[in-house]
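Participant: Got structure25.txt for you, compact mmCIF, C-alpha atoms:
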# COMPACT_ATOMS: atom_id res chain seq x y z
CA MET I 1010 87.14 102.93 74.69
CA LYS I 1011 85.12 99.75 75.12
CA PRO I 1012 84.71 98.61 78.75
CA SER I 1013 87.09 95.79 79.62
CA LEU I 1014 87.18 93.12 82.30
CA THR I 1015 90.09 90.83 83.10
CA PHE I 1016 89.11 87.22 83.76
CA TRP I 1017 91.61 85.43 86.03
CA TYR I 1018 91.15 81.68 85.86
CA GLU I 1019 92.84 78.51 87.02
CA PHE I 1020 92.48 75.35 84.95
CA ALA I 1021 92.02 73.06 87.96
CA SER I 1022 89.18 75.16 89.36
CA THR I 1023 85.60 73.96 88.95
CA TYR I 1024 84.02 77.40 89.37
CA SER I 1025 86.49 78.86 86.86
CA TRP I 1026 84.98 76.39 84.41
CA LEU I 1027 81.46 77.70 85.06
CA ALA I 1028 82.63 81.28 84.59
CA ALA I 1029 84.45 80.33 81.37
CA GLU I 1030 81.22 78.85 80.02
CA ARG I 1031 79.23 82.00 80.81
CA ILE I 1032 81.54 84.96 80.38
CA GLU I 1033 81.62 85.57 76.62
CA ALA I 1034 77.84 85.67 76.13
CA LEU I 1035 77.27 87.86 79.20
CA ALA I 1036 80.13 90.19 78.25
CA ALA I 1037 78.86 90.53 74.68
CA ALA I 1038 75.39 91.45 75.99
CA ALA I 1039 77.02 94.05 78.27
CA ASN I 1040 79.33 95.32 75.50
CA VAL I 1041 82.38 94.51 77.64
CA GLU I 1042 85.62 93.09 76.26
CA VAL I 1043 87.08 90.13 78.16
CA VAL I 1044 90.81 89.61 78.70
CA TRP I 1045 91.40 85.93 79.49
CA ARG I 1046 94.32 85.51 81.90
CA PRO I 1047 95.14 81.98 83.04
CA PHE I 1048 97.19 81.87 86.24
CA LEU I 1049 98.26 79.31 88.84
CA LEU I 1050 96.50 79.17 92.18
CA GLY I 1051 98.99 76.64 93.61
CA PRO I 1052 101.67 79.17 94.61
CA ILE I 1053 99.00 81.46 96.13
CA PHE I 1054 97.46 78.62 98.14
CA ALA I 1055 100.93 77.47 99.22
CA ALA I 1056 101.71 81.00 100.44
CA GLN I 1057 98.74 80.82 102.79
CA GLY I 1058 99.72 77.40 104.05
CA TRP I 1059 97.48 75.14 101.97
CA ALA I 1060 99.06 72.05 100.45
CA SER I 1061 95.93 71.17 98.46
CA SER I 1062 92.58 72.59 97.40
CA PRO I 1063 90.35 73.78 100.27
CA PHE I 1064 87.79 71.37 98.81
CA ASN I 1065 90.09 68.51 99.80
CA LEU I 1066 91.31 70.06 103.06
CA TYR I 1067 87.74 70.61 104.29
CA PRO I 1068 85.68 67.55 103.30
CA ALA I 1069 82.22 69.00 104.12
CA LYS I 1070 83.04 72.01 101.92
CA GLY I 1071 84.26 69.68 99.18
CA ARG I 1072 81.15 67.48 99.25
CA ASN I 1073 78.91 70.52 98.94
CA MET I 1074 81.00 71.97 96.12
CA TRP I 1075 80.54 68.84 93.98
CA ARG I 1076 76.81 68.79 94.73
CA ASP I 1077 76.64 72.50 93.89
CA MET I 1078 78.43 71.78 90.60
CA GLU I 1079 75.88 69.03 89.77
CA ARG I 1080 73.06 71.48 90.35
CA HIS I 1081 74.77 74.21 88.32
CA CYS I 1082 75.48 71.92 85.37
CA ALA I 1083 71.81 70.91 85.30
CA LEU I 1084 70.61 74.53 85.52
CA MET I 1085 73.09 75.68 82.86
CA GLY I 1086 72.37 72.84 80.46
CA LEU I 1087 75.94 71.52 80.69
CA PRO I 1088 76.87 67.84 80.63
CA PRO I 1089 77.02 66.31 84.13
CA VAL I 1090 80.16 67.17 86.08
CA LYS I 1091 82.78 64.45 86.50
CA CYS I 1092 85.54 64.66 89.11
CA PRO I 1093 88.96 64.06 87.54
CA ASP I 1094 91.41 61.79 89.35
CA PRO I 1095 93.36 63.25 91.03
CA PHE I 1096 91.52 66.41 91.98
CA PRO I 1097 92.82 69.03 91.68
CA GLN I 1098 94.71 68.27 88.48
CA ASN I 1099 98.17 69.67 87.88
CA SER I 1100 97.30 72.61 85.66
CA LEU I 1101 100.81 73.82 84.78
CA LEU I 1102 100.87 72.50 81.21
CA ALA I 1103 97.37 73.78 80.41
CA ALA I 1104 98.16 77.21 81.81
CA ARG I 1105 101.38 77.42 79.78
CA MET I 1106 99.56 76.38 76.62
CA ALA I 1107 96.83 78.97 77.14
CA THR I 1108 99.45 81.63 77.88
CA ALA I 1109 101.28 80.87 74.63
CA LEU I 1110 98.16 80.95 72.44
CA PRO I 1111 97.09 84.12 70.65
CA PRO I 1112 94.36 85.84 72.74
CA ALA I 1113 91.70 85.09 70.12
CA ALA I 1114 92.20 81.32 70.54
CA ARG I 1115 92.42 81.31 74.32
CA ALA I 1116 88.71 81.21 75.14
CA ARG I 1117 87.95 78.28 72.86
CA PHE I 1118 91.01 76.34 74.00
CA SER I 1119 90.25 76.97 77.66
CA CYS I 1120 86.63 75.83 77.40
CA ALA I 1121 87.75 72.68 75.60
CA VAL I 1122 90.26 71.92 78.39
CA TYR I 1123 87.57 72.43 81.05
CA ARG I 1124 85.10 70.17 79.25
CA ALA I 1125 87.69 67.40 78.81
CA GLN I 1126 88.59 67.62 82.50
CA PHE I 1127 85.23 68.17 84.18
CA THR I 1128 82.79 66.33 81.93
CA GLN I 1129 85.00 63.49 80.69
CA GLY I 1130 87.36 63.24 83.67
CA ARG I 1131 90.40 63.37 81.37
CA SER I 1132 93.82 64.30 82.72
CA ILE I 1133 94.91 67.81 81.74
CA ALA I 1134 98.42 67.03 82.97
CA ASP I 1135 98.71 64.43 80.19
CA ARG I 1136 100.67 65.69 77.18
CA GLY I 1137 98.78 63.46 74.76
CA VAL I 1138 95.38 64.70 75.92
CA MET I 1139 96.56 68.28 75.81
CA ALA I 1140 98.17 67.96 72.37
CA GLU I 1141 94.89 66.56 71.05
CA ILE I 1142 92.87 69.52 72.41
CA LEU I 1143 95.48 71.96 71.14
CA GLY I 1144 95.42 70.33 67.70
CA ASP I 1145 91.69 71.00 67.43
CA ILE I 1146 92.35 74.70 68.00
CA VAL I 1147 95.60 75.52 66.19
CA GLY I 1148 96.14 72.70 63.71
CA THR I 1149 99.88 72.45 64.52
CA PRO I 1150 100.08 71.13 68.09
CA GLN I 1151 103.78 70.28 68.10
CA GLU I 1152 104.81 73.83 67.29
CA ALA I 1153 102.31 75.29 69.78
CA LEU I 1154 103.51 72.84 72.43
CA ALA I 1155 107.10 73.98 71.91
CA THR I 1156 106.05 77.62 72.31
CA ALA I 1157 104.14 76.68 75.46
CA GLU I 1158 107.29 75.29 76.99
CA SER I 1159 109.65 78.06 75.92
CA PRO I 1160 111.44 80.13 78.57
CA GLU I 1161 109.40 83.18 77.46
CA THR I 1162 106.06 81.46 78.12
CA LYS I 1163 107.22 80.08 81.46
CA ALA I 1164 108.31 83.56 82.51
CA ALA I 1165 105.06 85.10 81.27
CA LEU I 1166 102.96 82.68 83.34
CA ARG I 1167 105.09 83.30 86.43
CA HIS I 1168 104.60 87.02 85.89
CA THR I 1169 100.82 86.64 85.52
CA THR I 1170 100.63 84.64 88.74
CA GLU I 1171 102.71 87.22 90.61
CA GLN I 1172 100.53 89.97 89.23
CA ALA I 1173 97.38 88.15 90.36
CA GLN I 1174 98.80 87.89 93.85
CA SER I 1175 99.80 91.56 93.90
CA LEU I 1176 96.24 92.52 92.90
CA GLY I 1177 94.98 90.73 96.02
CA ILE I 1178 93.69 87.65 94.18
CA TYR I 1179 93.33 84.64 96.50
CA GLY I 1180 91.00 82.34 94.56
CA ALA I 1181 89.61 81.58 91.14
CA PRO I 1182 87.84 82.70 89.16
CA SER I 1183 88.45 86.37 89.87
CA PHE I 1184 87.66 89.44 87.81
CA THR I 1185 89.35 92.84 87.82
CA ALA I 1186 88.22 96.11 86.29
CA GLY I 1187 90.69 98.68 84.99
CA SER I 1188 90.94 100.43 88.37
CA GLY I 1189 91.94 97.14 90.02
CA GLU I 1190 88.48 96.63 91.56
CA LEU I 1191 88.44 92.92 92.44
CA PHE I 1192 85.56 90.46 92.33
CA TRP I 1193 85.95 86.87 93.49
CA GLY I 1194 83.95 83.93 92.25
CA ASN I 1195 81.68 82.86 89.43
CA ASP I 1196 78.79 84.33 91.42
CA ARG I 1197 80.24 87.83 91.01
CA LEU I 1198 80.57 87.79 87.21
CA GLU I 1199 77.45 89.91 86.63
CA GLN I 1200 78.50 92.50 89.23
CA ALA I 1201 81.99 92.65 87.76
CA LEU I 1202 80.63 93.30 84.26
CA GLY I 1203 78.41 96.07 85.64
CA TRP I 1204 81.40 97.60 87.38
CA ALA I 1205 83.47 97.57 84.18
CA GLN I 1206 80.64 99.37 82.37
CA LYS I 1207 80.42 101.95 85.17
CA GLU I 1208 84.16 102.65 85.06
CA ALA I 1209 84.08 103.09 81.29
CA ALA I 1210 81.13 105.51 81.57
CA GLU I 1211 83.01 107.52 84.21
CA ARG I 1212 86.07 107.71 81.95
CA ARG I 1213 83.91 109.04 79.12
CA GLY I 1214 82.57 111.72 81.48
CA PRO I 1215 79.12 113.34 81.54
CA MET W 382 51.72 71.62 102.59
CA LYS W 383 53.45 74.92 101.96
CA PRO W 384 57.10 74.61 100.78
CA SER W 385 59.54 75.24 103.60
CA LEU W 386 63.21 76.21 103.76
CA THR W 387 65.41 76.20 106.84
CA PHE W 388 67.68 79.22 107.17
CA TRP W 389 70.82 78.46 109.19
CA TYR W 390 72.53 81.64 110.31
CA GLU W 391 75.34 82.77 112.56
CA PHE W 392 75.11 86.19 114.19
CA ALA W 393 78.80 87.03 113.64
CA SER W 394 78.58 86.31 109.90
CA THR W 395 78.39 89.22 107.47
CA TYR W 396 76.82 87.21 104.64
CA SER W 397 74.24 85.79 107.06
CA TRP W 398 73.22 89.40 107.59
CA LEU W 399 72.68 89.93 103.85
CA ALA W 400 70.60 86.75 103.63
CA ALA W 401 68.56 87.80 106.68
CA GLU W 402 67.77 91.11 104.98
CA ARG W 403 66.60 89.37 101.79
CA ILE W 404 65.01 86.10 102.76
CA GLU W 405 61.51 87.02 103.92
CA ALA W 406 60.58 89.06 100.83
CA LEU W 407 62.01 86.49 98.42
CA ALA W 408 60.38 83.60 100.29
CA ALA W 409 57.00 85.37 100.33
CA ALA W 410 57.23 85.90 96.57
CA ALA W 411 58.07 82.20 96.13
CA ASN W 412 55.33 81.11 98.59
CA VAL W 413 57.94 79.38 100.76
CA GLU W 414 57.87 79.36 104.56
CA VAL W 415 61.19 80.15 106.27
CA VAL W 416 62.36 78.46 109.46
CA TRP W 417 64.97 80.69 111.11
CA ARG W 418 67.59 78.61 112.92
CA PRO W 419 70.44 80.48 114.58
CA PHE W 420 73.48 78.31 115.26
CA LEU W 421 77.14 78.71 116.24
CA LEU W 422 79.85 78.43 113.62
CA GLY W 423 82.65 78.56 116.21
CA PRO W 424 82.55 74.87 117.18
CA ILE W 425 82.35 73.87 113.49
CA PHE W 426 85.33 76.08 112.57
CA ALA W 427 87.25 74.78 115.59
CA ALA W 428 86.58 71.19 114.47
CA GLN W 429 88.32 71.93 111.16
CA GLY W 430 91.26 73.58 112.89
CA TRP W 431 90.35 77.26 112.57
CA ALA W 432 90.84 79.42 115.66
CA SER W 433 89.20 82.46 114.02
CA SER W 434 87.17 83.47 110.99
CA PRO W 435 88.73 82.58 107.62
CA PHE W 436 88.40 86.31 106.87
CA ASN W 437 90.99 86.95 109.60
CA LEU W 438 93.12 83.88 108.91
CA TYR W 439 93.46 84.79 105.21
CA PRO W 440 93.91 88.59 104.98
CA ALA W 441 93.45 88.91 101.19
CA LYS W 442 90.17 87.03 101.49
CA GLY W 443 89.14 89.25 104.39
CA ARG W 444 89.93 92.48 102.55
CA ASN W 445 87.87 91.41 99.58
CA MET W 446 84.97 90.30 101.81
CA TRP W 447 84.70 93.79 103.36
CA ARG W 448 84.89 95.42 99.94
CA ASP W 449 82.27 92.99 98.65
CA MET W 450 80.05 93.90 101.61
CA GLU W 451 80.42 97.61 100.79
CA ARG W 452 79.32 96.94 97.23
CA HIS W 453 76.41 94.75 98.35
CA CYS W 454 75.17 97.30 100.86
CA ALA W 455 75.16 99.97 98.16
CA LEU W 456 73.37 97.69 95.66
CA MET W 457 70.81 96.57 98.27
CA GLY W 458 70.13 100.07 99.59
CA LEU W 459 71.42 99.17 103.06
CA PRO W 460 73.36 101.57 105.29
CA PRO W 461 77.14 101.30 104.77
CA VAL W 462 78.75 98.31 106.45
CA LYS W 463 80.81 98.93 109.57
CA CYS W 464 83.25 96.35 110.95
CA PRO W 465 82.64 95.69 114.65
CA ASP W 466 85.62 95.50 116.97
CA PRO W 467 86.57 92.73 117.49
CA PHE W 468 85.54 90.86 114.39
CA PRO W 469 84.11 88.30 114.57
CA GLN W 470 82.00 89.17 117.60
CA ASN W 471 81.21 86.56 120.22
CA SER W 472 77.70 85.59 119.14
CA LEU W 473 76.77 83.21 121.95
CA LEU W 474 74.40 85.59 123.79
CA ALA W 475 72.65 86.70 120.58
CA ALA W 476 72.19 83.09 119.43
CA ARG W 477 70.74 82.08 122.81
CA MET W 478 68.34 85.02 122.77
CA ALA W 479 67.14 84.22 119.26
CA THR W 480 66.75 80.55 120.20
CA ALA W 481 64.58 81.48 123.19
CA LEU W 482 62.29 83.83 121.27
CA PRO W 483 59.03 82.63 119.76
CA PRO W 484 59.62 81.88 116.04
CA ALA W 485 57.44 84.82 114.97
CA ALA W 486 59.75 87.32 116.70
CA ARG W 487 63.03 85.75 115.59
CA ALA W 488 63.33 87.38 112.17
CA ARG W 489 62.77 90.91 113.45
CA PHE W 490 65.11 90.41 116.42
CA SER W 491 67.82 88.89 114.23
CA CYS W 492 67.73 91.70 111.67
CA ALA W 493 67.94 94.27 114.49
CA VAL W 494 70.99 92.50 115.93
CA TYR W 495 72.69 92.45 112.51
CA ARG W 496 71.99 96.13 111.89
CA ALA W 497 73.34 97.13 115.33
CA GLN W 498 76.48 95.08 114.72
CA PHE W 499 77.23 95.71 111.06
CA THR W 500 75.95 99.24 110.45
CA GLN W 501 76.59 100.79 113.89
CA GLY W 502 79.55 98.64 114.94
CA ARG W 503 77.89 97.88 118.30
CA SER W 504 78.99 94.90 120.38
CA ILE W 505 76.52 92.02 120.32
CA ALA W 506 78.39 90.37 123.19
CA ASP W 507 77.38 93.32 125.41
CA ARG W 508 74.41 92.50 127.65
CA GLY W 509 73.25 96.13 127.72
CA VAL W 510 73.19 96.43 123.93
CA MET W 511 71.41 93.13 123.61
CA ALA W 512 68.84 93.89 126.33
CA GLU W 513 68.02 97.12 124.52
CA ILE W 514 67.44 95.34 121.18
CA LEU W 515 65.44 92.63 122.91
CA GLY W 516 63.32 95.26 124.69
CA ASP W 517 62.29 96.74 121.35
CA ILE W 518 60.99 93.32 120.29
CA VAL W 519 59.41 91.74 123.38
CA GLY W 520 58.79 94.60 125.81
CA THR W 521 60.09 92.62 128.82
CA PRO W 522 63.82 92.14 128.23
CA GLN W 523 64.70 90.90 131.72
CA GLU W 524 62.35 87.97 131.50
CA ALA W 525 63.42 87.13 127.93
CA LEU W 526 67.06 87.38 128.97
CA ALA W 527 66.48 84.89 131.80
CA THR W 528 64.84 82.47 129.34
CA ALA W 529 67.76 82.94 126.96
CA GLU W 530 70.18 81.82 129.64
CA SER W 531 68.13 78.90 130.96
CA PRO W 532 69.57 75.38 130.77
CA GLU W 533 66.83 74.49 128.25
CA THR W 534 67.85 77.25 125.83
CA LYS W 535 71.55 76.45 126.17
CA ALA W 536 70.82 72.80 125.39
CA ALA W 537 68.57 73.74 122.46
CA LEU W 538 71.31 75.87 120.87
CA ARG W 539 73.89 73.12 121.37
CA HIS W 540 71.48 70.70 119.73
CA THR W 541 70.91 73.05 116.77
CA THR W 542 74.66 73.44 116.24
CA GLU W 543 75.18 69.68 116.37
CA GLN W 544 72.34 69.19 113.94
CA ALA W 545 73.84 71.76 111.56
CA GLN W 546 77.14 69.89 111.63
CA SER W 547 75.44 66.53 111.05
CA LEU W 548 73.66 68.00 107.99
CA GLY W 549 77.08 68.83 106.52
CA ILE W 550 76.91 72.56 107.25
CA TYR W 551 80.37 74.15 107.30
CA GLY W 552 79.60 77.86 106.85
CA ALA W 553 76.90 80.47 107.17
CA PRO W 554 74.42 81.26 105.92
CA SER W 555 73.24 77.84 104.78
CA PHE W 556 69.84 76.67 103.64
CA THR W 557 68.34 73.19 103.77
CA ALA W 558 65.23 71.85 102.09
CA GLY W 559 63.10 69.13 103.67
CA SER W 560 65.13 66.35 102.02
CA GLY W 561 68.33 67.73 103.55
CA GLU W 562 69.50 69.28 100.26
CA LEU W 563 72.11 71.82 101.36
CA PHE W 564 72.92 75.22 99.87
CA TRP W 565 75.77 77.34 101.19
CA GLY W 566 75.97 81.11 101.04
CA ASN W 567 73.82 84.17 100.52
CA ASP W 568 74.41 83.71 96.78
CA ARG W 569 72.47 80.42 96.83
CA LEU W 570 69.29 81.78 98.45
CA GLU W 571 67.35 81.96 95.18
CA GLN W 572 68.37 78.43 94.14
CA ALA W 573 67.47 77.10 97.59
CA LEU W 574 63.99 78.64 97.41
CA GLY W 575 63.50 77.13 93.96
CA TRP W 576 64.57 73.73 95.30
CA ALA W 577 62.11 73.95 98.21
CA GLN W 578 59.30 74.68 95.74
CA LYS W 579 60.36 71.74 93.57
CA GLU W 580 60.36 69.33 96.52
CA ALA W 581 56.91 70.49 97.61
CA ALA W 582 55.57 70.02 94.08
CA GLU W 583 57.04 66.49 93.96
CA ARG W 584 55.37 65.67 97.29
CA ARG W 585 52.03 66.83 95.91
CA GLY W 586 52.52 64.53 92.93
CA PRO W 587 51.34 64.99 89.35
Kindly present the structure from the file in structure tokens form.
Facilitator:
Amino acid sequence: MKPSLTFWYEFASTYSWLAAERIEALAAAANVEVVWRPFLLGPIFAAQGWASSPFNLYPAKGRNMWRDMERHCALMGLPPVKCPDPFPQNSLLAARMATALPPAARARFSCAVYRAQFTQGRSIADRGVMAEILGDIVGTPQEALATAESPETKAALRHTTEQAQSLGIYGAPSFTAGSGELFWGNDRLEQALGWAQKEAAERRGP
Amino acid sequence: MKPSLTFWYEFASTYSWLAAERIEALAAAANVEVVWRPFLLGPIFAAQGWASSPFNLYPAKGRNMWRDMERHCALMGLPPVKCPDPFPQNSLLAARMATALPPAARARFSCAVYRAQFTQGRSIADRGVMAEILGDIVGTPQEALATAESPETKAALRHTTEQAQSLGIYGAPSFTAGSGELFWGNDRLEQALGWAQKEAAERRGP
């Protein structure tokens, strides 16, 4: 069985964006399959008493994060980062849309949402903006939008978020291997891929 | 002038330990001079309303940090990490001692303190433990201990901590280049060294 890594991401998260931009190429080089799982960080932050992003709650941390993003975008050859207003954006609609999409379309949709938000400063809570991005991916945005807002999709996203929390996830992006081994942050992507390979090799045996 | 990078570290910080283990070899390879500056994170955390380490305040984050440390120690060929009791340790005495030492002795002393704390679980708030470590470095621990607790050293450490805060430092380890460019976290050490080289090249001109 091919090694697999689950990619837990939040649409409002800047470092989730960086991981989304990097993960498919790195995973392909490592022969690891990626499972894209959008979830909501809001309920997890709320459970630990945060009413907003730590980047807003702790201004020095926030200033350095945006500077760090500028440096990363330059190093990665991405367009300059732009802070959406407000930050963080309400990511509920985006997460529902990504949940409703077939897995094969999720990566491309998610990267498009991140680029709209973090390089153009567009609002991902805006239905018009989101329908436009969705239309580029699926061709029939109205139908996809209806699926995104169905009771089944809402329940699926709630379930994903609960599962993230039960795996010990407290931030985004996070990565989990099959055993549940948890890695937090874009900076751990390479280690997480290596771990997934190691687990697969152990399953195959000597 | 040789490129220079200031290394801001806190003795109670696990990721400061990892950076301390790595920085001299990486800096030598990059031809960058390292200025070791121990400071206290306690007052900075207190100023943002934290009465303890975020790794204690947010248990899921803390659990993953210790697991991450285990993985890093294995990857770096370090002895297994051991959590001192209590965590975080009171680092005031260690920081004063490091402040009082001549710069050339600071790196070796600091690494010895980290190893005692994080691989043997020894208390760095204990004067006996600290005098023993200091004795291995300077030969005359009693004299060095007296210097560490002089009004001049206490004032110097307070000044360093205030300077860290005024540079926007909110966690440890951090790294600053001559311009004040700030990098947070062991994961940014390589980028920080590259930035220090770039600034030195710009100073030299074309």
Participant: Identify all chain W residues at most 9 Å from chain I by counting all atoms listed in the file; ligands do not count. Present them as a ChimeraX atom specification.
Facilitator: /W:429,438-439,441-442,444-445,448-449,549-552,563-565,568
Participant: For a test of reading the model, state the distance in Å between CA of Ala1029 (chain I) and CA of Pro1047 (chain I), rounded to one decimal.
Facilitator: 10.9 Å
Participant: Taking into account only C-alpha atoms, which residue in the set W:Arg477, W:Lys383, W:Gly423, W:Met457 is nearest to Glu533 (chain W)?
Facilitator: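 For Glu533 (chain W), the nearest of the given residues is W:Arg477.
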Participant: Counting all atoms listed in the file, find residues at most 10 Å from (89.1, 95.4, 88.4) (file frame) and give them as a list in words.
Facilitator: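 Residues with an atom at most 10 Å from (89.1, 95.4, 88.4): Ser1013, Leu1014, Thr1015, Phe1016, Leu1176, Ser1183, Phe1184, Thr1185, Ala1186, Gly1187, Ser1188, Gly1189, Glu1190, Leu1191, Phe1192, Ala1201, Leu1202, Trp1204, Ala1205 and Glu1208 of chain I.
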Participant: Have a look at CA of Tyr390 (chain W) and CA of Glu402 (chain W) and let me know their distance in Å, one decimal.
Facilitator: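 CA of Glu402 (chain W) lies 11.9 Å from CA of Tyr390 (chain W).
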Participant: For each of W:Met450, W:Ala497, W:Leu459, W:Leu526, take the minimum atom-to-atom distance to Ala481 (chain W), counting all atoms listed in the file, then give the residue where this is smallest.
Facilitator: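 Closest candidate: W:Leu526.
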Participant: Would you mind reading off the distance between CA of Leu482 (chain W) and CA of Gln578 (chain W), one decimal, in Å?
Facilitator: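 Interatomic distance here is 27.3 Å.
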Participant: With a distance cut-off of 9 Å and all atoms listed in the file, select the neighbouring residues of Met1139 (chain I), excluding the residue or stretch itself and same-chain residues fewer than 2 positions from it, and output the selection as a PDB file with C-alpha atoms, keeping the file's coordinate frame.
Facilitator:
ATOM      1  CA  LEU I1102     100.870  72.500  81.210  1.00  0.00           C
ATOM      2  CA  ALA I1103      97.370  73.780  80.410  1.00  0.00           C
ATOM      3  CA  MET I1106      99.560  76.380  76.620  1.00  0.00           C
ATOM      4  CA  VAL I1122      90.260  71.920  78.390  1.00  0.00           C
ATOM      5  CA  SER I1132      93.820  64.300  82.720  1.00  0.00           C
ATOM      6  CA  ILE I1133      94.910  67.810  81.740  1.00  0.00           C
ATOM      7  CA  ALA I1134      98.420  67.030  82.970  1.00  0.00           C
ATOM      8  CA  ASP I1135      98.710  64.430  80.190  1.00  0.00           C
ATOM      9  CA  ARG I1136     100.670  65.690  77.180  1.00  0.00           C
ATOM     10  CA  GLY I1137      98.780  63.460  74.760  1.00  0.00           C
ATOM     11  CA  GLU I1141      94.890  66.560  71.050  1.00  0.00           C
ATOM     12  CA  ILE I1142      92.870  69.520  72.410  1.00  0.00           C
ATOM     13  CA  LEU I1143      95.480  71.960  71.140  1.00  0.00           C
ATOM     14  CA  GLY I1144      95.420  70.330  67.700  1.00  0.00           C
ATOM     15  CA  PRO I1150     100.080  71.130  68.090  1.00  0.00           C
ATOM     16  CA  LEU I1154     103.510  72.840  72.430  1.00  0.00           C
TER      17      LEU I1154
END
Participant: Would you pick out the contacts of Arg1131 (chain I) at 10 Å or less, using only C-alpha atoms, so that residues sharing its chain but fewer than 5 positions from it are not included, and give the list as a list in words?
Facilitator: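 Near Arg1131 (chain I), the qualifying residues are Lys1091, Cys1092, Pro1093, Asp1094, Gln1098, Val1122, Tyr1123, Arg1124, Ala1125, Gln1126, Val1138 and Met1139 of chain I.
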Participant: Which one of I:Ile1053, I:Pro1095, I:Trp1045, I:Gln1172 sits closest to Asn1065 (chain I) if you count all atoms listed in the file?
Facilitator: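 Under the stated criterion, the closest residue is I:Pro1095.
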Participant: Just the residues within 10 Å of Arg418 (chain W), please, counting all atoms listed in the file, with nothing from its chain fewer than 6 positions along; format it as an MDAnalysis selection string.
Facilitator: chainID W and resid 387:391 476 479:480 484 487:488 538 541:542 545 555:556
Participant: Between I:Leu1049, I:Asn1040, I:Phe1020, I:Ala1060, which residue has the minimum interatomic distance to Lys1163 (chain I), considering all atoms listed in the file?
Facilitator: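 Nearest candidate to Lys1163 (chain I) out of I:Leu1049, I:Asn1040, I:Phe1020, I:Ala1060: I:Leu1049.
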